[in-house]
>>> print(open('final.pdb').read())   # PDB, C-alpha atoms
ATOM      1  CA  MET A  23     -14.289  -4.040   5.764  1.00  0.00           C
ATOM      2  CA  GLU A  24     -15.094  -7.702   6.343  1.00  0.00           C
ATOM      3  CA  ASN A  25     -17.659  -9.526   4.236  1.00  0.00           C
ATOM      4  CA  ASN A  26     -19.317 -12.911   3.866  1.00  0.00           C
ATOM      5  CA  ILE A  27     -19.684 -12.789   0.090  1.00  0.00           C
ATOM      6  CA  ALA A  28     -17.771 -16.012  -0.615  1.00  0.00           C
ATOM      7  CA  LYS A  29     -19.640 -17.919   2.113  1.00  0.00           C
ATOM      8  CA  LEU A  30     -23.088 -16.679   1.063  1.00  0.00           C
ATOM      9  CA  ARG A  31     -22.291 -17.133  -2.621  1.00  0.00           C
ATOM     10  CA  LYS A  32     -21.373 -20.787  -2.075  1.00  0.00           C
ATOM     11  CA  LYS A  33     -24.457 -21.244   0.109  1.00  0.00           C
ATOM     12  CA  ASN A  34     -26.670 -19.898  -2.690  1.00  0.00           C
ATOM     13  CA  LYS A  35     -24.712 -21.907  -5.289  1.00  0.00           C
ATOM     14  CA  ILE A  36     -23.848 -18.853  -7.360  1.00  0.00           C
ATOM     15  CA  THR A  37     -20.602 -18.622  -9.315  1.00  0.00           C
ATOM     16  CA  GLN A  38     -18.424 -15.511  -9.175  1.00  0.00           C
ATOM     17  CA  GLN A  39     -19.284 -14.759 -12.814  1.00  0.00           C
ATOM     18  CA  LYS A  40     -23.009 -15.099 -12.194  1.00  0.00           C
ATOM     19  CA  LEU A  41     -22.852 -12.764  -9.203  1.00  0.00           C
ATOM     20  CA  ALA A  42     -20.745 -10.325 -11.210  1.00  0.00           C
ATOM     21  CA  ASP A  43     -23.314 -10.335 -14.029  1.00  0.00           C
ATOM     22  CA  LYS A  44     -26.141  -9.795 -11.555  1.00  0.00           C
ATOM     23  CA  VAL A  45     -24.571  -6.698 -10.012  1.00  0.00           C
ATOM     24  CA  HIS A  46     -23.007  -5.425 -13.288  1.00  0.00           C
ATOM     25  CA  VAL A  47     -19.343  -5.643 -12.340  1.00  0.00           C
ATOM     26  CA  THR A  48     -16.423  -7.738 -13.575  1.00  0.00           C
ATOM     27  CA  ARG A  49     -15.504 -11.104 -12.046  1.00  0.00           C
ATOM     28  CA  GLN A  50     -12.191  -9.562 -10.920  1.00  0.00           C
ATOM     29  CA  THR A  51     -14.147  -7.104  -8.770  1.00  0.00           C
ATOM     30  CA  ILE A  52     -15.978  -9.966  -7.057  1.00  0.00           C
ATOM     31  CA  ILE A  53     -12.609 -11.678  -6.441  1.00  0.00           C
ATOM     32  CA  SER A  54     -11.186  -8.440  -4.970  1.00  0.00           C
ATOM     33  CA  LEU A  55     -14.251  -8.081  -2.745  1.00  0.00           C
ATOM     34  CA  GLU A  56     -14.004 -11.668  -1.527  1.00  0.00           C
ATOM     35  CA  PHE A  57     -10.321 -11.195  -0.663  1.00  0.00           C
ATOM     36  CA  GLU A  58     -11.244  -7.898   1.059  1.00  0.00           C
ATOM     37  CA  ARG A  59      -8.826  -5.934  -1.121  1.00  0.00           C
ATOM     38  CA  TYR A  60     -11.517  -3.509  -2.197  1.00  0.00           C
ATOM     39  CA  ASN A  61     -14.341  -1.778  -0.296  1.00  0.00           C
ATOM     40  CA  PRO A  62     -17.476  -1.413  -2.416  1.00  0.00           C
ATOM     41  CA  SER A  63     -19.626   1.682  -2.720  1.00  0.00           C
ATOM     42  CA  LEU A  64     -22.889   1.739  -0.801  1.00  0.00           C
ATOM     43  CA  GLU A  65     -24.821   1.139  -4.023  1.00  0.00           C
ATOM     44  CA  LEU A  66     -22.760  -1.944  -4.935  1.00  0.00           C
ATOM     45  CA  ALA A  67     -22.979  -3.241  -1.367  1.00  0.00           C
ATOM     46  CA  TYR A  68     -26.799  -3.038  -1.532  1.00  0.00           C
ATOM     47  CA  LYS A  69     -26.848  -4.736  -4.942  1.00  0.00           C
ATOM     48  CA  ILE A  70     -24.673  -7.592  -3.662  1.00  0.00           C
ATOM     49  CA  THR A  71     -26.835  -7.958  -0.559  1.00  0.00           C
ATOM     50  CA  LYS A  72     -29.917  -8.249  -2.758  1.00  0.00           C
ATOM     51  CA  ALA A  73     -28.208 -10.667  -5.170  1.00  0.00           C
ATOM     52  CA  LEU A  74     -27.240 -12.887  -2.230  1.00  0.00           C
ATOM     53  CA  LYS A  75     -30.863 -12.886  -1.052  1.00  0.00           C
ATOM     54  CA  LYS A  76     -30.228 -11.043   2.189  1.00  0.00           C
ATOM     55  CA  ARG A  77     -32.307  -8.235   3.618  1.00  0.00           C
ATOM     56  CA  ASN A  78     -29.784  -6.378   5.747  1.00  0.00           C
ATOM     57  CA  ILE A  79     -26.467  -5.104   4.511  1.00  0.00           C
ATOM     58  CA  GLU A  80     -24.906  -6.062   7.884  1.00  0.00           C
ATOM     59  CA  GLU A  81     -25.511  -9.711   7.083  1.00  0.00           C
ATOM     60  CA  VAL A  82     -23.035  -9.417   4.220  1.00  0.00           C
ATOM     61  CA  PHE A  83     -20.725  -6.558   5.175  1.00  0.00           C
ATOM     62  CA  ASN A  84     -19.415  -5.406   8.534  1.00  0.00           C
ATOM     63  CA  LEU A  85     -16.698  -3.097   9.775  1.00  0.00           C
ATOM     64  CA  LYS A  86     -13.757  -4.730  11.562  1.00  0.00           C
ATOM     65  CA  LYS A  87     -13.429  -1.920  14.078  1.00  0.00           C
ATOM     66  CA  ILE A  88     -15.736   0.957  14.760  1.00  0.00           C
ATOM     67  CA  ASN A  89     -14.031   3.896  16.451  1.00  0.00           C
ATOM     68  CA  ILE A  90     -16.611   6.540  17.275  1.00  0.00           C
TER      69      ILE A  90
ATOM     70  CA  MET B 135     -19.476   4.993 -26.871  1.00  0.00           C
ATOM     71  CA  ASN B 136     -22.522   6.549 -28.504  1.00  0.00           C
ATOM     72  CA  LYS B 137     -22.931   7.566 -32.144  1.00  0.00           C
ATOM     73  CA  LYS B 138     -22.465  11.271 -31.431  1.00  0.00           C
ATOM     74  CA  ASN B 139     -19.018  10.603 -29.966  1.00  0.00           C
ATOM     75  CA  TYR B 140     -18.052   8.593 -33.045  1.00  0.00           C
ATOM     76  CA  LEU B 141     -19.270  11.417 -35.284  1.00  0.00           C
ATOM     77  CA  TRP B 142     -17.161  14.008 -33.442  1.00  0.00           C
ATOM     78  CA  ARG B 143     -14.100  11.778 -33.691  1.00  0.00           C
ATOM     79  CA  TYR B 144     -14.687  11.307 -37.435  1.00  0.00           C
ATOM     80  CA  VAL B 145     -15.038  15.088 -37.846  1.00  0.00           C
ATOM     81  CA  PHE B 146     -11.777  15.636 -35.957  1.00  0.00           C
ATOM     82  CA  ALA B 147      -9.939  13.076 -38.131  1.00  0.00           C
ATOM     83  CA  VAL B 148     -11.273  14.670 -41.339  1.00  0.00           C
ATOM     84  CA  VAL B 149     -10.261  18.141 -40.072  1.00  0.00           C
ATOM     85  CA  LEU B 150      -6.719  16.833 -39.453  1.00  0.00           C
ATOM     86  CA  ILE B 151      -6.520  15.407 -42.973  1.00  0.00           C
ATOM     87  CA  LEU B 152      -7.875  18.619 -44.509  1.00  0.00           C
ATOM     88  CA  ALA B 153      -5.444  20.740 -42.494  1.00  0.00           C
ATOM     89  CA  GLY B 154      -2.632  18.470 -43.683  1.00  0.00           C
ATOM     90  CA  LEU B 155      -3.728  18.787 -47.302  1.00  0.00           C
ATOM     91  CA  ILE B 156      -3.971  22.591 -47.061  1.00  0.00           C
ATOM     92  CA  LEU B 157      -0.508  22.865 -45.507  1.00  0.00           C
ATOM     93  CA  SER B 158       0.920  20.571 -48.174  1.00  0.00           C
ATOM     94  CA  TYR B 159      -0.865  22.504 -50.945  1.00  0.00           C
ATOM     95  CA  LEU B 160       0.439  25.844 -49.642  1.00  0.00           C
ATOM     96  CA  ASN B 161       3.877  24.243 -49.518  1.00  0.00           C
ATOM     97  CA  ILE B 162       4.466  25.196 -45.905  1.00  0.00           C
ATOM     98  CA  ARG B 163       7.166  22.677 -45.136  1.00  0.00           C
ATOM     99  CA  LYS B 164       9.929  21.955 -42.751  1.00  0.00           C
ATOM    100  CA  ALA B 165      11.283  18.565 -41.695  1.00  0.00           C
ATOM    101  CA  PHE B 166       8.885  17.508 -38.990  1.00  0.00           C
ATOM    102  CA  LEU B 167       9.531  14.496 -36.755  1.00  0.00           C
ATOM    103  CA  VAL B 168      10.347  11.623 -39.142  1.00  0.00           C
ATOM    104  CA  PHE B 169       8.034  13.047 -41.836  1.00  0.00           C
ATOM    105  CA  SER B 170       8.931  15.307 -44.739  1.00  0.00           C
ATOM    106  CA  SER B 171       6.575  18.044 -43.557  1.00  0.00           C
ATOM    107  CA  LEU B 172       3.922  18.937 -41.010  1.00  0.00           C
ATOM    108  CA  GLY B 173       1.233  18.429 -43.674  1.00  0.00           C
ATOM    109  CA  SER B 174       2.158  14.806 -44.347  1.00  0.00           C
ATOM    110  CA  TRP B 175       2.315  14.139 -40.597  1.00  0.00           C
ATOM    111  CA  LEU B 176      -1.209  15.543 -40.114  1.00  0.00           C
ATOM    112  CA  ILE B 177      -2.519  13.435 -43.030  1.00  0.00           C
ATOM    113  CA  TYR B 178      -0.853  10.338 -41.553  1.00  0.00           C
ATOM    114  CA  ILE B 179      -2.315  10.981 -38.071  1.00  0.00           C
ATOM    115  CA  GLY B 180      -5.761  11.660 -39.606  1.00  0.00           C
ATOM    116  CA  PHE B 181      -5.788   8.369 -41.502  1.00  0.00           C
ATOM    117  CA  ILE B 182      -4.573   6.414 -38.465  1.00  0.00           C
ATOM    118  CA  MET B 183      -7.384   7.994 -36.447  1.00  0.00           C
ATOM    119  CA  LEU B 184      -9.959   7.136 -39.136  1.00  0.00           C
ATOM    120  CA  ALA B 185      -8.780   3.512 -39.145  1.00  0.00           C
ATOM    121  CA  VAL B 186      -8.920   3.229 -35.342  1.00  0.00           C
ATOM    122  CA  ILE B 187     -12.424   4.753 -35.124  1.00  0.00           C
ATOM    123  CA  THR B 188     -13.711   2.502 -37.927  1.00  0.00           C
ATOM    124  CA  LEU B 189     -12.239  -0.600 -36.265  1.00  0.00           C
ATOM    125  CA  GLN B 190     -13.860   0.363 -32.951  1.00  0.00           C
ATOM    126  CA  LEU B 191     -17.169   0.962 -34.722  1.00  0.00           C
ATOM    127  CA  ILE B 192     -17.036  -2.398 -36.527  1.00  0.00           C
ATOM    128  CA  SER B 193     -15.981  -4.473 -33.513  1.00  0.00           C
ATOM    129  CA  ASN B 194     -18.626  -2.754 -31.320  1.00  0.00           C
ATOM    130  CA  LYS B 195     -17.394  -4.716 -28.299  1.00  0.00           C
ATOM    131  CA  LYS B 196     -19.262  -3.837 -25.137  1.00  0.00           C
ATOM    132  CA  ARG B 197     -16.717  -3.255 -22.409  1.00  0.00           C
ATOM    133  CA  LEU B 198     -17.850  -3.353 -18.831  1.00  0.00           C
ATOM    134  CA  VAL B 199     -16.407  -0.541 -16.715  1.00  0.00           C
ATOM    135  CA  ASP B 200     -17.290  -0.974 -13.078  1.00  0.00           C
ATOM    136  CA  GLU B 201     -16.653   1.219 -10.030  1.00  0.00           C
ATOM    137  CA  ARG B 202     -13.451  -0.623  -9.058  1.00  0.00           C
ATOM    138  CA  MET B 203     -11.970   0.064 -12.497  1.00  0.00           C
ATOM    139  CA  GLN B 204     -12.915   3.748 -12.194  1.00  0.00           C
ATOM    140  CA  PHE B 205     -11.344   3.855  -8.739  1.00  0.00           C
ATOM    141  CA  ILE B 206      -8.132   2.310 -10.111  1.00  0.00           C
ATOM    142  CA  ALA B 207      -8.164   4.683 -13.097  1.00  0.00           C
ATOM    143  CA  THR B 208      -8.304   7.642 -10.683  1.00  0.00           C
ATOM    144  CA  LYS B 209      -5.373   6.224  -8.705  1.00  0.00           C
ATOM    145  CA  ALA B 210      -3.398   5.633 -11.925  1.00  0.00           C
ATOM    146  CA  ALA B 211      -4.128   9.219 -13.031  1.00  0.00           C
ATOM    147  CA  ARG B 212      -2.822  10.493  -9.680  1.00  0.00           C
ATOM    148  CA  ILE B 213       0.382   8.452 -10.061  1.00  0.00           C
ATOM    149  CA  THR B 214       0.796   9.757 -13.626  1.00  0.00           C
ATOM    150  CA  PHE B 215       0.334  13.339 -12.427  1.00  0.00           C
ATOM    151  CA  ILE B 216       3.021  12.892  -9.757  1.00  0.00           C
ATOM    152  CA  GLY B 217       5.214  11.259 -12.428  1.00  0.00           C
ATOM    153  CA  ILE B 218       4.864  14.306 -14.713  1.00  0.00           C
ATOM    154  CA  ILE B 219       5.846  16.669 -11.884  1.00  0.00           C
ATOM    155  CA  LEU B 220       8.885  14.531 -10.959  1.00  0.00           C
ATOM    156  CA  PHE B 221       9.913  14.240 -14.607  1.00  0.00           C
ATOM    157  CA  SER B 222       9.609  18.022 -15.089  1.00  0.00           C
ATOM    158  CA  PHE B 223      11.727  18.585 -11.981  1.00  0.00           C
ATOM    159  CA  ILE B 224      14.432  16.207 -13.269  1.00  0.00           C
ATOM    160  CA  ILE B 225      14.370  17.920 -16.688  1.00  0.00           C
ATOM    161  CA  ILE B 226      14.824  21.355 -15.037  1.00  0.00           C
ATOM    162  CA  ILE B 227      17.848  20.076 -13.074  1.00  0.00           C
ATOM    163  CA  LEU B 228      19.371  18.349 -16.132  1.00  0.00           C
ATOM    164  CA  ASP B 229      18.860  21.490 -18.216  1.00  0.00           C
ATOM    165  CA  GLY B 230      20.622  23.467 -15.486  1.00  0.00           C
ATOM    166  CA  ILE B 231      23.620  21.112 -15.645  1.00  0.00           C
ATOM    167  CA  LYS B 232      23.830  20.909 -19.439  1.00  0.00           C
ATOM    168  CA  SER B 233      21.477  22.577 -21.940  1.00  0.00           C
ATOM    169  CA  ILE B 234      19.076  20.119 -23.549  1.00  0.00           C
ATOM    170  CA  ASN B 235      18.942  20.732 -27.277  1.00  0.00           C
ATOM    171  CA  ILE B 236      15.965  18.890 -28.708  1.00  0.00           C
ATOM    172  CA  ALA B 237      13.200  19.982 -31.099  1.00  0.00           C
ATOM    173  CA  TYR B 238      10.006  20.896 -29.243  1.00  0.00           C
ATOM    174  CA  SER B 239       7.942  18.508 -31.422  1.00  0.00           C
ATOM    175  CA  TYR B 240      10.240  15.609 -30.474  1.00  0.00           C
ATOM    176  CA  PHE B 241      10.179  16.537 -26.799  1.00  0.00           C
ATOM    177  CA  MET B 242       6.372  16.722 -26.695  1.00  0.00           C
ATOM    178  CA  SER B 243       6.048  13.442 -28.614  1.00  0.00           C
ATOM    179  CA  TYR B 244       8.296  11.685 -26.109  1.00  0.00           C
ATOM    180  CA  LEU B 245       6.444  13.335 -23.223  1.00  0.00           C
ATOM    181  CA  ILE B 246       2.998  12.255 -24.477  1.00  0.00           C
ATOM    182  CA  CYS B 247       4.216   8.686 -25.122  1.00  0.00           C
ATOM    183  CA  GLY B 248       5.800   8.630 -21.664  1.00  0.00           C
ATOM    184  CA  ILE B 249       2.598   9.859 -20.002  1.00  0.00           C
ATOM    185  CA  LEU B 250       0.494   7.235 -21.800  1.00  0.00           C
ATOM    186  CA  LEU B 251       2.979   4.481 -20.976  1.00  0.00           C
ATOM    187  CA  LEU B 252       3.191   5.478 -17.302  1.00  0.00           C
ATOM    188  CA  TYR B 253      -0.607   5.598 -17.037  1.00  0.00           C
ATOM    189  CA  LEU B 254      -0.999   2.200 -18.714  1.00  0.00           C
ATOM    190  CA  ILE B 255       1.671   0.509 -16.577  1.00  0.00           C
ATOM    191  CA  SER B 256       0.366   1.975 -13.301  1.00  0.00           C
ATOM    192  CA  TYR B 257      -3.219   1.075 -14.259  1.00  0.00           C
ATOM    193  CA  LYS B 258      -2.271  -2.546 -15.076  1.00  0.00           C
ATOM    194  CA  ILE B 259      -0.242  -2.928 -11.864  1.00  0.00           C
ATOM    195  CA  LEU B 260      -3.014  -1.452  -9.717  1.00  0.00           C
ATOM    196  CA  LEU B 261      -5.595  -3.613 -11.461  1.00  0.00           C
ATOM    197  CA  ARG B 262      -3.528  -6.686 -10.631  1.00  0.00           C
ATOM    198  CA  PHE B 263      -3.022  -5.903  -6.938  1.00  0.00           C
ATOM    199  CA  ASN B 264      -6.277  -4.141  -5.980  1.00  0.00           C
TER     200      ASN B 264
END
>>> encode(input="final.pdb", output="structure tokens")
Amino acid sequence: MENNIAKLRKKNKITQQKLADKVHVTRQTIISLEFERYNPSLELAYKITKALKKRNIEEVFNLKKINI
Amino acid sequence: MNKKNYLWRYVFAVVLILAGLILSYLNIRKAFLVFSSLGSWLIYIGFIMLAVITLQLISNKKRLVDERMQFIATKAARITFIGIILFSFIIIILDGIKSINIAYSYFMSYLICGILLLYLISYKILLRFN
């Protein structure tokens, strides 16, 4: 899953630690998310979207390929 | 960890010490692991447990466990489980080639240490690369 966490975080001037504290995860988890090594749960994805001041989850996360 | 969990762990440690004292008092003894008897081993384990619980209670460090860590812990547990099966298979084959003569208490001690070590190593590696 692709995400714009790093881009939006820098835009909002939030550090990785601050974002991690806001969504109650470790800084390592934020790093893993930014490097797209880990796909978050729906709950965490919503929390991150809210912390990055976005309304829609698609503005932060999107699937690379959708095969339906 | 909440207070109830600490209480149960304290109770368990005290039970171990009491069991050790009873066994020592009744003089039920046989060389057990590196200890003189099973009783002294139980007392030793009980005191170690008491010390660990007390240290945890004093430090009271709040550790954050997030969903990624839980995910990695599940993966590490799966690897450990496969490791146990593979190890058991190897032991069966080795025993078939040449009988393994080792005290059951030693074997289980090694097995438990091995399981813990395998879990810890796989968890740390997964944590680093996930």
>>> closest_atom_pairs(input="final.pdb", of="chain B", to="chain A", cutoff="8 Å", atoms="only C-alpha atoms", output="CSV")
residue,atom,partner,partner_atom,distance
B:Leu198,CA,A:Thr48,CA,7.0
B:Val199,CA,A:Val47,CA,7.3
B:Asp200,CA,A:Val47,CA,5.2
B:Glu201,CA,A:Val47,CA,7.7
B:Arg202,CA,A:Thr51,CA,6.5
B:Asn264,CA,A:Arg59,CA,5.8
>>> atom_distance(input="final.pdb", atom1="CA of Lys69 (chain A)", atom2="CA of Lys195 (chain B)")
25.2 Å
>>> atom_distance(input="final.pdb", atom1="CA of Ile259 (chain B)", atom2="CA of Ala210 (chain B)")
9.1 Å
>>> closest_residue(input="final.pdb", among="B:Leu250, B:Ile187, B:Leu245, B:Leu152", to="Asn139 (chain B)", atoms="all atoms listed in the file")
B:Ile187
>>> residues_around(input="final.pdb", residues="Leu157 (chain B)", least_positions_apart="4", cutoff="8 Å", atoms="all atoms listed in the file", output="VMD selection string")
chain B and resid 153 161 to 163 172 to 173
>>> closest_residue(input="final.pdb", among="B:Val148, B:Ala207, B:Ile213, B:Ile156", to="Ala185 (chain B)", atoms="all atoms listed in the file")
B:Val148
>>> residues_around(input="final.pdb", residues="Lys76 (chain A)", least_positions_apart="3", cutoff="12 Å", atoms="all atoms listed in the file", output="PyMOL selection string")
chain A and resi 26-27+30-31+33-34+67-73+79-83
>>> residues_around(input="final.pdb", residues="Ile234 (chain B)", least_positions_apart="5", cutoff="9 Å", atoms="all atoms listed in the file", output="list in words")
Ile225, Leu228 and Asp229 of chain B
>>> decode(input="final.pdb", residues="region 228-252 of chain B", atoms="N, CA and C atoms", output="PDB file, in the first residue's frame")
ATOM      1  N   LEU B 228      18.003 -38.259  15.441  1.00  0.00           N
ATOM      2  CA  LEU B 228      19.255 -38.484  16.183  1.00  0.00           C
ATOM      3  C   LEU B 228      19.112 -39.622  17.185  1.00  0.00           C
ATOM      4  N   ASP B 229      17.931 -39.671  17.834  1.00  0.00           N
ATOM      5  CA  ASP B 229      17.675 -40.736  18.810  1.00  0.00           C
ATOM      6  C   ASP B 229      17.607 -42.097  18.120  1.00  0.00           C
ATOM      7  N   GLY B 230      17.134 -42.087  16.878  1.00  0.00           N
ATOM      8  CA  GLY B 230      17.071 -43.321  16.087  1.00  0.00           C
ATOM      9  C   GLY B 230      18.456 -43.801  15.699  1.00  0.00           C
ATOM     10  N   ILE B 231      19.373 -42.856  15.482  1.00  0.00           N
ATOM     11  CA  ILE B 231      20.759 -43.229  15.111  1.00  0.00           C
ATOM     12  C   ILE B 231      21.521 -43.712  16.355  1.00  0.00           C
ATOM     13  N   LYS B 232      21.463 -42.904  17.397  1.00  0.00           N
ATOM     14  CA  LYS B 232      22.160 -43.265  18.649  1.00  0.00           C
ATOM     15  C   LYS B 232      21.316 -42.763  19.814  1.00  0.00           C
ATOM     16  N   SER B 233      21.013 -43.623  20.763  1.00  0.00           N
ATOM     17  CA  SER B 233      20.147 -43.243  21.892  1.00  0.00           C
ATOM     18  C   SER B 233      20.690 -42.026  22.641  1.00  0.00           C
ATOM     19  N   ILE B 234      19.803 -41.066  22.883  1.00  0.00           N
ATOM     20  CA  ILE B 234      20.208 -39.869  23.627  1.00  0.00           C
ATOM     21  C   ILE B 234      19.949 -40.126  25.105  1.00  0.00           C
ATOM     22  N   ASN B 235      21.008 -40.131  25.872  1.00  0.00           N
ATOM     23  CA  ASN B 235      20.858 -40.351  27.319  1.00  0.00           C
ATOM     24  C   ASN B 235      21.091 -39.038  28.057  1.00  0.00           C
ATOM     25  N   ILE B 236      19.995 -38.403  28.405  1.00  0.00           N
ATOM     26  CA  ILE B 236      20.073 -37.123  29.127  1.00  0.00           C
ATOM     27  C   ILE B 236      18.893 -37.071  30.095  1.00  0.00           C
ATOM     28  N   ALA B 237      19.125 -36.501  31.279  1.00  0.00           N
ATOM     29  CA  ALA B 237      18.045 -36.392  32.273  1.00  0.00           C
ATOM     30  C   ALA B 237      16.927 -35.516  31.707  1.00  0.00           C
ATOM     31  N   TYR B 238      15.699 -35.893  31.974  1.00  0.00           N
ATOM     32  CA  TYR B 238      14.535 -35.179  31.443  1.00  0.00           C
ATOM     33  C   TYR B 238      14.549 -33.713  31.875  1.00  0.00           C
ATOM     34  N   SER B 239      14.946 -33.457  33.141  1.00  0.00           N
ATOM     35  CA  SER B 239      14.981 -32.073  33.649  1.00  0.00           C
ATOM     36  C   SER B 239      15.979 -31.227  32.857  1.00  0.00           C
ATOM     37  N   TYR B 240      17.119 -31.818  32.502  1.00  0.00           N
ATOM     38  CA  TYR B 240      18.121 -31.105  31.702  1.00  0.00           C
ATOM     39  C   TYR B 240      17.568 -30.832  30.307  1.00  0.00           C
ATOM     40  N   PHE B 241      16.978 -31.868  29.715  1.00  0.00           N
ATOM     41  CA  PHE B 241      16.451 -31.742  28.358  1.00  0.00           C
ATOM     42  C   PHE B 241      15.409 -30.630  28.278  1.00  0.00           C
ATOM     43  N   MET B 242      14.477 -30.624  29.247  1.00  0.00           N
ATOM     44  CA  MET B 242      13.413 -29.613  29.235  1.00  0.00           C
ATOM     45  C   MET B 242      13.971 -28.213  29.489  1.00  0.00           C
ATOM     46  N   SER B 243      14.996 -28.132  30.353  1.00  0.00           N
ATOM     47  CA  SER B 243      15.621 -26.827  30.615  1.00  0.00           C
ATOM     48  C   SER B 243      16.245 -26.272  29.342  1.00  0.00           C
ATOM     49  N   TYR B 244      16.985 -27.131  28.642  1.00  0.00           N
ATOM     50  CA  TYR B 244      17.604 -26.714  27.380  1.00  0.00           C
ATOM     51  C   TYR B 244      16.531 -26.321  26.363  1.00  0.00           C
ATOM     52  N   LEU B 245      15.465 -27.126  26.328  1.00  0.00           N
ATOM     53  CA  LEU B 245      14.389 -26.875  25.352  1.00  0.00           C
ATOM     54  C   LEU B 245      13.732 -25.514  25.616  1.00  0.00           C
ATOM     55  N   ILE B 246      13.409 -25.242  26.883  1.00  0.00           N
ATOM     56  CA  ILE B 246      12.755 -23.973  27.230  1.00  0.00           C
ATOM     57  C   ILE B 246      13.677 -22.787  26.913  1.00  0.00           C
ATOM     58  N   CYS B 247      14.962 -22.928  27.268  1.00  0.00           N
ATOM     59  CA  CYS B 247      15.928 -21.853  26.963  1.00  0.00           C
ATOM     60  C   CYS B 247      16.033 -21.648  25.457  1.00  0.00           C
ATOM     61  N   GLY B 248      16.070 -22.755  24.725  1.00  0.00           N
ATOM     62  CA  GLY B 248      16.144 -22.690  23.259  1.00  0.00           C
ATOM     63  C   GLY B 248      14.936 -21.996  22.660  1.00  0.00           C
ATOM     64  N   ILE B 249      13.742 -22.331  23.169  1.00  0.00           N
ATOM     65  CA  ILE B 249      12.503 -21.728  22.667  1.00  0.00           C
ATOM     66  C   ILE B 249      12.527 -20.211  22.913  1.00  0.00           C
ATOM     67  N   LEU B 250      12.902 -19.830  24.130  1.00  0.00           N
ATOM     68  CA  LEU B 250      12.942 -18.402  24.480  1.00  0.00           C
ATOM     69  C   LEU B 250      13.960 -17.646  23.626  1.00  0.00           C
ATOM     70  N   LEU B 251      15.110 -18.278  23.429  1.00  0.00           N
ATOM     71  CA  LEU B 251      16.178 -17.664  22.629  1.00  0.00           C
ATOM     72  C   LEU B 251      15.739 -17.504  21.167  1.00  0.00           C
ATOM     73  N   LEU B 252      15.139 -18.555  20.626  1.00  0.00           N
ATOM     74  CA  LEU B 252      14.678 -18.519  19.229  1.00  0.00           C
ATOM     75  C   LEU B 252      13.610 -17.436  19.043  1.00  0.00           C
TER      76      LEU B 252
END
